[in-house]
Amino acid sequence: MLGRHRTRTVVLTVVAATMAAAGFAFYPSHEGPTARTTANSRRFVLILAGVSGQSESGKFDLEVAARTESLTSACMKSHGFRYLPRNPHSVVDVEDASDFSSLAYARRHGFGISVFPHFAPETSAARNNLKNLSAASLKAYDTALPGCVDSAQSTTEKEYGIPEANSEWARVDDEVQHDGRYRSALRTWSTCAAAAGHPARSRLALITALRKQYTSVMAGIQDGDQVLPQDELAALAARSPAWRTFHRSELDAAVATFPCSQTTDRAYASIFLRYLNHED
């Protein structure tokens, strides 16, 4: 895959447990890697390589989110607080996540650059959960929560073998990137993309260039450094001629180069699996 795996490794990077030193971290017992951890680590390696498909990728993300929320709730309970686990769909957008294997996605969202994520709304129970806390209790809750979230994320990543998967993917990807067969596939992609009107060295290079344009477009839409809710930002963008022009160009690039990318992605997946399974 070209580009997608890099985003995922950033999204699932362990967040530092900033509150651990203050005594707020929660550490369930561990007995080393289990068969399930090893299997999930393998799942994630295949997802990073783009081998498993979008549905498996979304399923994995939702599982990780649900487990993190469950551990956060248990940790907060150990501090004497009630924390209602959030719906995984409220923290993971599986509907709009980049899908380079789908022509329908390319026609609707391009490469996923100018997509505004949509999340399930917070439940009324979650919104009302803290209303009855005193000011002192609310302060203690807010103090405990960051450490619980950090340790829950760290524990979940360990349980799912995510650090090992990232390391294994990086190792195998490096071999693929230096493989003559894949370098030939990239040259074929570049020739194909140029013929389609979008000259670039690779899809990743094309996306990187488009992202730079998008950053400039959005800088002109947003009001200074103010962070706006996604729905407000989407509404502003929809009224912007510059955003609409960029969005159309992104969709055109994704659709035009889709056949080129399909061929290259198949080559990447095939070569990746051979190195992963020590067949090369």
# chains A, B, ... in the order shown; residues from 1 in each chain; ligands from 1

$ residues_around --residues "range 90-101 of chain A" --least-positions-apart "6" --cutoff "10 Å" --atoms "only C-alpha atoms" --output "ChimeraX atom specification"
/A:1-4,7,50,53-55,57-59,61-62,64-66,69,108-113,115-123,254,258,261-262,265

$ write_last_selection --atoms "N, CA, C and O atoms" --output "short mmCIF file (atom, residue, chain, number, x, y, z; two decimals), in the first residue's frame"
data_model
loop_
_atom_site.label_atom_id
_atom_site.label_comp_id
_atom_site.auth_asym_id
_atom_site.auth_seq_id
_atom_site.Cartn_x
_atom_site.Cartn_y
_atom_site.Cartn_z
N MET A 1 0.84 -1.20 0.00
CA MET A 1 0.00 0.00 0.00
C MET A 1 0.88 1.26 0.00
O MET A 1 1.94 1.27 0.59
N LEU A 2 0.35 2.31 -0.58
CA LEU A 2 1.10 3.56 -0.66
C LEU A 2 0.39 4.63 0.17
O LEU A 2 -0.57 5.20 -0.26
N GLY A 3 0.86 4.87 1.36
CA GLY A 3 0.35 5.98 2.14
C GLY A 3 -0.55 5.60 3.29
O GLY A 3 -0.44 6.12 4.38
N ARG A 4 -1.47 4.66 3.08
CA ARG A 4 -2.46 4.36 4.11
C ARG A 4 -1.85 3.89 5.41
O ARG A 4 -2.22 4.30 6.50
N THR A 7 -0.55 6.55 7.87
CA THR A 7 -1.56 7.22 8.68
C THR A 7 -1.94 6.37 9.88
O THR A 7 -2.04 6.85 11.00
N GLY A 50 -2.43 -3.35 3.85
CA GLY A 50 -3.54 -3.22 2.92
C GLY A 50 -4.01 -4.54 2.37
O GLY A 50 -4.66 -4.59 1.32
N GLY A 53 -8.44 -5.71 3.71
CA GLY A 53 -9.69 -5.09 3.28
C GLY A 53 -10.20 -4.08 4.29
O GLY A 53 -9.86 -4.12 5.47
N GLN A 54 -11.07 -3.19 3.81
CA GLN A 54 -11.55 -2.09 4.63
C GLN A 54 -12.42 -2.55 5.79
O GLN A 54 -12.37 -1.98 6.88
N SER A 55 -13.23 -3.58 5.59
CA SER A 55 -14.12 -4.04 6.66
C SER A 55 -13.32 -4.57 7.84
O SER A 55 -13.67 -4.32 9.00
N SER A 57 -10.28 -3.71 8.61
CA SER A 57 -9.61 -2.55 9.20
C SER A 57 -10.54 -1.82 10.16
O SER A 57 -10.16 -1.47 11.28
N GLY A 58 -11.78 -1.57 9.71
CA GLY A 58 -12.75 -0.91 10.57
C GLY A 58 -13.09 -1.72 11.80
O GLY A 58 -13.22 -1.18 12.91
N LYS A 59 -13.23 -3.02 11.63
CA LYS A 59 -13.54 -3.91 12.76
C LYS A 59 -12.44 -3.86 13.80
O LYS A 59 -12.70 -3.78 15.01
N ASP A 61 -10.24 -1.40 14.34
CA ASP A 61 -10.24 -0.09 15.00
C ASP A 61 -11.34 0.01 16.06
O ASP A 61 -11.13 0.57 17.14
N LEU A 62 -12.52 -0.53 15.75
CA LEU A 62 -13.62 -0.48 16.69
C LEU A 62 -13.36 -1.36 17.91
O LEU A 62 -13.71 -1.00 19.04
N VAL A 64 -10.41 -2.05 19.17
CA VAL A 64 -9.40 -1.34 19.97
C VAL A 64 -10.05 -0.21 20.76
O VAL A 64 -9.78 -0.02 21.95
N ALA A 65 -10.94 0.52 20.11
CA ALA A 65 -11.62 1.63 20.78
C ALA A 65 -12.50 1.13 21.92
O ALA A 65 -12.52 1.71 23.02
N ALA A 66 -13.23 0.03 21.68
CA ALA A 66 -14.12 -0.52 22.71
C ALA A 66 -13.33 -1.01 23.91
O ALA A 66 -13.72 -0.79 25.06
N GLU A 69 -12.03 1.97 25.94
CA GLU A 69 -13.10 2.58 26.73
C GLU A 69 -13.44 1.72 27.95
O GLU A 69 -13.68 2.24 29.04
N ARG A 108 -16.51 9.38 -4.54
CA ARG A 108 -17.22 10.19 -3.54
C ARG A 108 -16.28 11.02 -2.67
O ARG A 108 -16.57 12.18 -2.35
N HIS A 109 -15.14 10.42 -2.30
CA HIS A 109 -14.25 11.06 -1.33
C HIS A 109 -12.83 11.27 -1.84
O HIS A 109 -11.99 11.79 -1.10
N GLY A 110 -12.53 10.85 -3.04
CA GLY A 110 -11.15 10.98 -3.54
C GLY A 110 -10.20 10.10 -2.75
O GLY A 110 -10.41 8.90 -2.59
N PHE A 111 -9.13 10.70 -2.22
CA PHE A 111 -8.18 9.98 -1.39
C PHE A 111 -8.51 10.10 0.10
O PHE A 111 -7.76 9.63 0.95
N GLY A 112 -9.61 10.77 0.42
CA GLY A 112 -9.97 10.97 1.83
C GLY A 112 -9.33 12.20 2.45
O GLY A 112 -9.36 12.36 3.67
N ILE A 113 -8.75 13.06 1.62
CA ILE A 113 -8.05 14.25 2.13
C ILE A 113 -9.05 15.29 2.61
O ILE A 113 -8.93 15.84 3.72
N VAL A 115 -12.15 14.96 3.41
CA VAL A 115 -13.28 14.38 4.13
C VAL A 115 -13.36 14.97 5.53
O VAL A 115 -12.35 15.14 6.21
N PHE A 116 -14.57 15.27 5.98
CA PHE A 116 -14.79 15.69 7.35
C PHE A 116 -15.39 14.51 8.10
O PHE A 116 -16.48 14.06 7.76
N PRO A 117 -14.68 13.96 9.08
CA PRO A 117 -15.15 12.74 9.75
C PRO A 117 -16.47 12.94 10.47
O PRO A 117 -16.80 14.04 10.93
N HIS A 118 -17.23 11.86 10.54
CA HIS A 118 -18.51 11.87 11.24
C HIS A 118 -18.47 10.80 12.34
O HIS A 118 -18.12 9.66 12.09
N PHE A 119 -18.84 11.22 13.54
CA PHE A 119 -18.82 10.31 14.67
C PHE A 119 -20.22 10.22 15.30
O PHE A 119 -21.00 11.18 15.22
N ALA A 120 -20.49 9.09 15.92
CA ALA A 120 -21.76 8.94 16.62
C ALA A 120 -21.83 9.96 17.76
O ALA A 120 -20.82 10.21 18.42
N PRO A 121 -23.00 10.57 17.99
CA PRO A 121 -23.10 11.57 19.05
C PRO A 121 -22.99 10.96 20.44
O PRO A 121 -23.27 9.76 20.63
N GLU A 122 -22.55 11.76 21.38
CA GLU A 122 -22.46 11.32 22.77
C GLU A 122 -23.87 11.08 23.31
O GLU A 122 -24.79 11.84 23.02
N THR A 123 -24.04 10.03 24.09
CA THR A 123 -25.36 9.71 24.63
C THR A 123 -25.75 10.71 25.71
O THR A 123 -24.88 11.34 26.34
N ALA A 254 -8.01 10.88 -7.82
CA ALA A 254 -8.20 9.54 -7.26
C ALA A 254 -8.85 8.60 -8.27
O ALA A 254 -8.44 7.44 -8.41
N PHE A 258 -6.97 5.46 -10.24
CA PHE A 258 -7.42 4.24 -9.56
C PHE A 258 -6.94 2.96 -10.23
O PHE A 258 -6.41 2.06 -9.56
N SER A 261 -3.30 2.42 -9.45
CA SER A 261 -3.06 2.06 -8.06
C SER A 261 -3.45 0.61 -7.78
O SER A 261 -2.80 -0.07 -6.98
N GLN A 262 -4.52 0.15 -8.40
CA GLN A 262 -4.94 -1.23 -8.16
C GLN A 262 -3.84 -2.21 -8.55
O GLN A 262 -3.56 -3.17 -7.82
N ASP A 265 -0.94 -1.82 -5.99
CA ASP A 265 -1.30 -2.35 -4.67
C ASP A 265 -1.27 -3.87 -4.66
O ASP A 265 -0.87 -4.49 -3.66
#

$ select_by_dssp --residues "range 80-266 of chain A" --states "helix (DSSP H, G or I)" --output "ChimeraX atom specification"
/A:88-90,103-109,124-128,135-159,162-177,180-195,203-221,230-238,241-256,258-266

$ residues_around --residues "range 76-87 of chain A" --least-positions-apart "6" --cutoff "10 Å" --atoms "only C-alpha atoms" --output "PyMOL selection string"
chain A and resi 24-26+62+65-70+119-123+125-127+129-130+133+137-138+140-141+144-145+147-149

$ residues_around --residues "Thr215 in chain A" --least-positions-apart "4" --cutoff "12 Å" --atoms "only C-alpha atoms" --output "list in words"
Ile113, Ser114, Thr208, Ala209, Leu210, Arg211, Ala219, Gly220, Ile221, Gln222, Ala242, Trp243 and Phe246 of chain A

$ write_last_selection --atoms "C-alpha atoms" --output "mmCIF file, in the first residue's frame"
data_model
loop_
_atom_site.group_PDB
_atom_site.id
_atom_site.type_symbol
_atom_site.label_atom_id
_atom_site.label_comp_id
_atom_site.auth_asym_id
_atom_site.auth_seq_id
_atom_site.Cartn_x
_atom_site.Cartn_y
_atom_site.Cartn_z
ATOM 1 C CA ILE A 113 -8.053 14.246 2.134
ATOM 2 C CA SER A 114 -11.000 16.651 2.110
ATOM 3 C CA THR A 208 1.418 14.496 -0.201
ATOM 4 C CA ALA A 209 1.278 17.208 -2.852
ATOM 5 C CA LEU A 210 -2.512 17.385 -2.606
ATOM 6 C CA ARG A 211 -2.355 17.597 1.188
ATOM 7 C CA ALA A 219 -5.951 28.048 6.141
ATOM 8 C CA GLY A 220 -7.911 30.490 4.035
ATOM 9 C CA ILE A 221 -11.235 29.140 5.268
ATOM 10 C CA GLN A 222 -10.616 28.929 9.009
ATOM 11 C CA ALA A 242 -11.535 27.243 -3.262
ATOM 12 C CA TRP A 243 -12.521 24.148 -1.264
ATOM 13 C CA PHE A 246 -9.813 21.411 -4.555
#

$ closest_residue --among "A:Cys192, A:Leu276, A:Ala200, A:Leu233" --to "Cys260 in chain A" --atoms "only C-alpha atoms"
A:Cys192

$ atom_distance --atom1 "CA of Pro88 in chain A" --atom2 "CA of Glu63 in chain A"
7.8 Å

$ atom_distance --atom1 "CA of Asp179 in chain A" --atom2 "CA of Asn166 in chain A"
19.9 Å

$ closest_residue --among "A:Val45, A:Ile207, A:Leu71, A:Ala234" --to "Ser249 in chain A" --atoms "only C-alpha atoms"
A:Ile207

$ closest_residue --among "A:Glu56, A:Ser190, A:Ser270, A:Tyr214" --to "Arg248 in chain A" --atoms "only C-alpha atoms"
A:Tyr214

$ closest_residue --among "A:Ala205, A:Val227, A:Ala185, A:Leu251" --to "Thr264 in chain A" --atoms "only C-alpha atoms"
A:Ala185

$ residues_around --residues "Asp280 in chain A" --least-positions-apart "3" --cutoff "12 Å" --atoms "only C-alpha atoms" --output "PyMOL selection string"
chain A and resi 172+175-176+179+181+270-277

$ atom_distance --atom1 "CA of Met218 in chain A" --atom2 "CA of Leu204 in chain A"
20.5 Å
